[in-house]
Amino acid sequence: MRKLVLRYDQAFWRGSDFGWLGQTDSPSGLSVMDCSDLMDKLCVLAVFCGGTAAMALEGLSDEAALAKVMDVIEPILGPGVRNPVTVVQTNWTDHPWVGGGYATWPKPWDTADPWAPMRASHDDLHFTGAELASVYPGFIEGAIRAGHETAARIHDGG
Ligand SMILES: Cc1cc2nc3c(=O)[nH]c(=O)nc-3n(C[C@H](O)[C@H](O)[C@H](O)COP(=O)(O)OP(=O)(O)OC[C@H]3O[C@@H](n4cnc5c(N)ncnc54)[C@H](O)[C@@H]3O)c2cc1C
């Protein structure tokens, strides 16, 4: 997964056919979405490059990756997309902890519940987080549920 956050002075795509989300088949795995605030005070597009799209960018510098992404999203959003005020790019593809994705998988694989030590409290310190969820681990839904599960354990004295 590689993600680019592009901030603009204005949400120039308002009123266009773009709507809020664009996806491509070439390469597949690239989506660009409007992540601006409701008042358009912060005008932001986020580009997610996963799977084939991330592989197409493999080994490229941030600058080269940005240039390639611009070539893909300009037909969707028009030439204004090439003038962001700021660009923040994050690349998880070589991250040693996440193995290319953006959520952490526990090891060793042959342990029944490798997260168990994180679910136990240590000196009354309790952990929670998306990865600890019993369902939807690695997603927002998992983060919320893990919070509820940890709160319930504290409530039950666990
Ligand atoms: C590129 C990308 C795309 C994603 N897409 C989706 C999606 O489409 N749908 C979906 O459901 N999920 C998606 N996720 C996953 C989702 O965002 C995460 O699973 C979720 O946000 C994790 O929530 P969390 O509360 O466990 O951790 P986080 O959201 O990571 O929160 C941890 C917080 O702790 C703070 N922190 C860290 N260390 C300290 C410290 N020492 N002191 C104080 N604060 C600290 C961090 O700054 C952070 O704010 C995506 C994630 C990424 C990276």
# chains A, B, ... in the order shown; residues from 1 in each chain; ligands from 1
call {"tool": "residues_near_ligand", "arguments": {"ligand": "ligand 1", "cutoff": "10 Å", "atoms": "only C-alpha atoms and all ligand atoms", "output": "ChimeraX atom specification"}}
result
/A:1-5,46-50,90-92,101-104,127-133,136-147
call {"tool": "residues_around", "arguments": {"residues": "Asp37 (chain A)", "least_positions_apart": "5", "cutoff": "12 Å", "atoms": "only C-alpha atoms", "output": "VMD selection string"}}
result
chain A and resid 7 10 to 11 42 to 45
call {"tool": "select_by_dssp", "arguments": {"residues": "chain A", "states": "strand (DSSP E)", "output": "ChimeraX atom specification"}}
result
/A:2-8,21-25,28-34,43-49,86-91
call {"tool": "write_last_selection", "arguments": {"atoms": "C-alpha atoms", "output": "PDB file, in the first residue's frame"}}
result
ATOM      1  CA  ARG A   2       1.212   3.442  -0.915  1.00  0.00           C
ATOM      2  CA  LYS A   3      -0.881   6.479  -0.029  1.00  0.00           C
ATOM      3  CA  LEU A   4      -0.615  10.060  -1.277  1.00  0.00           C
ATOM      4  CA  VAL A   5      -2.462  12.888   0.427  1.00  0.00           C
ATOM      5  CA  LEU A   6      -2.789  15.946  -1.842  1.00  0.00           C
ATOM      6  CA  ARG A   7      -3.931  19.260  -0.366  1.00  0.00           C
ATOM      7  CA  TYR A   8      -5.286  22.083  -2.577  1.00  0.00           C
ATOM      8  CA  LEU A  21     -14.387   8.671  -5.603  1.00  0.00           C
ATOM      9  CA  GLY A  22     -12.534   7.563  -8.724  1.00  0.00           C
ATOM     10  CA  GLN A  23     -10.998   4.167  -9.423  1.00  0.00           C
ATOM     11  CA  THR A  24      -8.951   2.789 -12.278  1.00  0.00           C
ATOM     12  CA  ASP A  25      -8.501  -0.605 -13.921  1.00  0.00           C
ATOM     13  CA  SER A  28      -6.052  -1.839 -10.829  1.00  0.00           C
ATOM     14  CA  GLY A  29      -5.953  -1.089  -7.119  1.00  0.00           C
ATOM     15  CA  LEU A  30      -5.734   2.684  -7.427  1.00  0.00           C
ATOM     16  CA  SER A  31      -8.491   4.824  -5.965  1.00  0.00           C
ATOM     17  CA  VAL A  32      -8.623   8.567  -5.431  1.00  0.00           C
ATOM     18  CA  MET A  33     -11.113  10.004  -2.996  1.00  0.00           C
ATOM     19  CA  ASP A  34     -12.263  13.374  -1.744  1.00  0.00           C
ATOM     20  CA  CYS A  43      -9.414  20.556   0.473  1.00  0.00           C
ATOM     21  CA  VAL A  44      -7.828  17.146   0.222  1.00  0.00           C
ATOM     22  CA  LEU A  45      -7.648  14.225  -2.168  1.00  0.00           C
ATOM     23  CA  ALA A  46      -6.255  10.898  -0.931  1.00  0.00           C
ATOM     24  CA  VAL A  47      -4.853   8.437  -3.447  1.00  0.00           C
ATOM     25  CA  PHE A  48      -4.630   4.817  -2.320  1.00  0.00           C
ATOM     26  CA  CYS A  49      -2.363   2.558  -4.372  1.00  0.00           C
ATOM     27  CA  THR A  86       1.285  20.016  -0.210  1.00  0.00           C
ATOM     28  CA  VAL A  87       1.856  16.327  -0.822  1.00  0.00           C
ATOM     29  CA  VAL A  88       2.315  13.734   1.910  1.00  0.00           C
ATOM     30  CA  GLN A  89       3.251  10.296   0.722  1.00  0.00           C
ATOM     31  CA  THR A  90       3.507   7.112   2.799  1.00  0.00           C
ATOM     32  CA  ASN A  91       4.816   3.823   1.506  1.00  0.00           C
TER      33      ASN A  91
END
call {"tool": "select_by_dssp", "arguments": {"residues": "region 41-153 of chain A", "states": "alpha helix (DSSP H)", "output": "compact mmCIF listing (two decimals) with N, CA and C atoms, in the first residue's frame"}}
result
# COMPACT_ATOMS: atom_id res chain seq x y z
N GLY A 51 -2.17 -3.30 -4.15
CA GLY A 51 -2.09 -4.40 -5.11
C GLY A 51 -1.28 -4.05 -6.34
N THR A 52 -1.90 -4.22 -7.51
CA THR A 52 -1.20 -4.00 -8.78
C THR A 52 -0.66 -2.58 -8.88
N ALA A 53 -1.45 -1.62 -8.38
CA ALA A 53 -1.00 -0.21 -8.45
C ALA A 53 0.25 0.00 -7.60
N ALA A 54 0.28 -0.61 -6.42
CA ALA A 54 1.47 -0.49 -5.56
C ALA A 54 2.66 -1.15 -6.23
N MET A 55 2.43 -2.30 -6.86
CA MET A 55 3.53 -2.99 -7.54
C MET A 55 4.07 -2.17 -8.70
N ALA A 56 3.17 -1.44 -9.37
CA ALA A 56 3.60 -0.60 -10.50
C ALA A 56 4.51 0.55 -10.05
N ASP A 62 9.65 8.87 -4.15
CA ASP A 62 8.37 9.55 -3.94
C ASP A 62 8.05 10.48 -5.11
N GLU A 63 9.07 11.15 -5.59
CA GLU A 63 8.88 12.11 -6.71
C GLU A 63 8.42 11.38 -7.98
N ALA A 64 9.08 10.26 -8.29
CA ALA A 64 8.72 9.50 -9.49
C ALA A 64 7.35 8.86 -9.34
N ALA A 65 7.06 8.38 -8.13
CA ALA A 65 5.74 7.78 -7.89
C ALA A 65 4.64 8.82 -8.06
N LEU A 66 4.89 10.02 -7.52
CA LEU A 66 3.90 11.10 -7.64
C LEU A 66 3.64 11.41 -9.12
N ALA A 67 4.71 11.49 -9.91
CA ALA A 67 4.57 11.80 -11.35
C ALA A 67 3.71 10.73 -12.04
N LYS A 68 3.94 9.46 -11.68
CA LYS A 68 3.19 8.38 -12.30
C LYS A 68 1.73 8.41 -11.88
N VAL A 69 1.51 8.69 -10.61
CA VAL A 69 0.13 8.77 -10.11
C VAL A 69 -0.61 9.92 -10.78
N MET A 70 0.07 11.05 -10.95
CA MET A 70 -0.56 12.20 -11.61
C MET A 70 -1.02 11.82 -13.02
N ASP A 71 -0.21 11.05 -13.73
CA ASP A 71 -0.60 10.63 -15.08
C ASP A 71 -1.88 9.80 -15.07
N VAL A 72 -2.09 9.08 -13.97
CA VAL A 72 -3.29 8.22 -13.88
C VAL A 72 -4.51 9.04 -13.46
N ILE A 73 -4.33 9.98 -12.54
CA ILE A 73 -5.52 10.67 -11.99
C ILE A 73 -5.89 11.94 -12.76
N GLU A 74 -4.98 12.45 -13.59
CA GLU A 74 -5.34 13.66 -14.35
C GLU A 74 -6.54 13.42 -15.27
N PRO A 75 -6.63 12.28 -15.99
CA PRO A 75 -7.82 12.06 -16.81
C PRO A 75 -9.11 12.00 -15.99
N ILE A 76 -9.00 11.67 -14.72
CA ILE A 76 -10.19 11.59 -13.86
C ILE A 76 -10.57 12.97 -13.33
N LEU A 77 -9.56 13.77 -12.97
CA LEU A 77 -9.83 15.02 -12.24
C LEU A 77 -9.50 16.28 -13.01
N ALA A 116 -2.48 -12.72 22.44
CA ALA A 116 -2.92 -12.89 23.84
C ALA A 116 -2.11 -12.02 24.82
N PRO A 117 -0.78 -11.94 24.69
CA PRO A 117 -0.04 -11.11 25.66
C PRO A 117 -0.47 -9.64 25.62
N MET A 118 -0.92 -9.16 24.45
CA MET A 118 -1.35 -7.76 24.35
C MET A 118 -2.75 -7.57 24.92
N ARG A 119 -3.52 -8.65 24.98
CA ARG A 119 -4.88 -8.53 25.54
C ARG A 119 -4.87 -8.56 27.06
N ILE A 140 -11.21 0.04 10.77
CA ILE A 140 -11.80 1.00 11.71
C ILE A 140 -12.82 0.30 12.61
N GLU A 141 -13.66 -0.55 11.98
CA GLU A 141 -14.65 -1.28 12.76
C GLU A 141 -13.98 -2.11 13.85
N GLY A 142 -12.84 -2.72 13.51
CA GLY A 142 -12.09 -3.50 14.48
C GLY A 142 -11.56 -2.64 15.60
N ALA A 143 -11.08 -1.43 15.27
CA ALA A 143 -10.55 -0.53 16.29
C ALA A 143 -11.64 -0.19 17.31
N ILE A 144 -12.84 0.08 16.80
CA ILE A 144 -13.96 0.44 17.69
C ILE A 144 -14.33 -0.75 18.58
N ARG A 145 -14.43 -1.92 17.92
CA ARG A 145 -14.82 -3.11 18.70
C ARG A 145 -13.75 -3.49 19.72
N ALA A 146 -12.48 -3.34 19.33
CA ALA A 146 -11.40 -3.67 20.27
C ALA A 146 -11.48 -2.75 21.49
N GLY A 147 -11.82 -1.48 21.26
CA GLY A 147 -11.99 -0.54 22.37
C GLY A 147 -13.09 -1.00 23.30
N HIS A 148 -14.21 -1.42 22.70
CA HIS A 148 -15.33 -1.91 23.53
C HIS A 148 -14.92 -3.17 24.30
N GLU A 149 -14.19 -4.07 23.60
CA GLU A 149 -13.80 -5.33 24.25
C GLU A 149 -12.85 -5.06 25.42
N THR A 150 -11.91 -4.14 25.22
CA THR A 150 -10.96 -3.83 26.29
C THR A 150 -11.68 -3.16 27.45
N ALA A 151 -12.60 -2.24 27.13
CA ALA A 151 -13.36 -1.57 28.20
C ALA A 151 -14.16 -2.60 28.99
N ALA A 152 -14.72 -3.58 28.28
CA ALA A 152 -15.51 -4.62 28.97
C ALA A 152 -14.61 -5.45 29.89
N ARG A 153 -13.39 -5.75 29.40
CA ARG A 153 -12.47 -6.53 30.25
C ARG A 153 -12.10 -5.76 31.51
call {"tool": "atom_distance", "arguments": {"atom1": "CA of Asp9 (chain A)", "atom2": "CA of Ser61 (chain A)"}}
result
25.4 Å
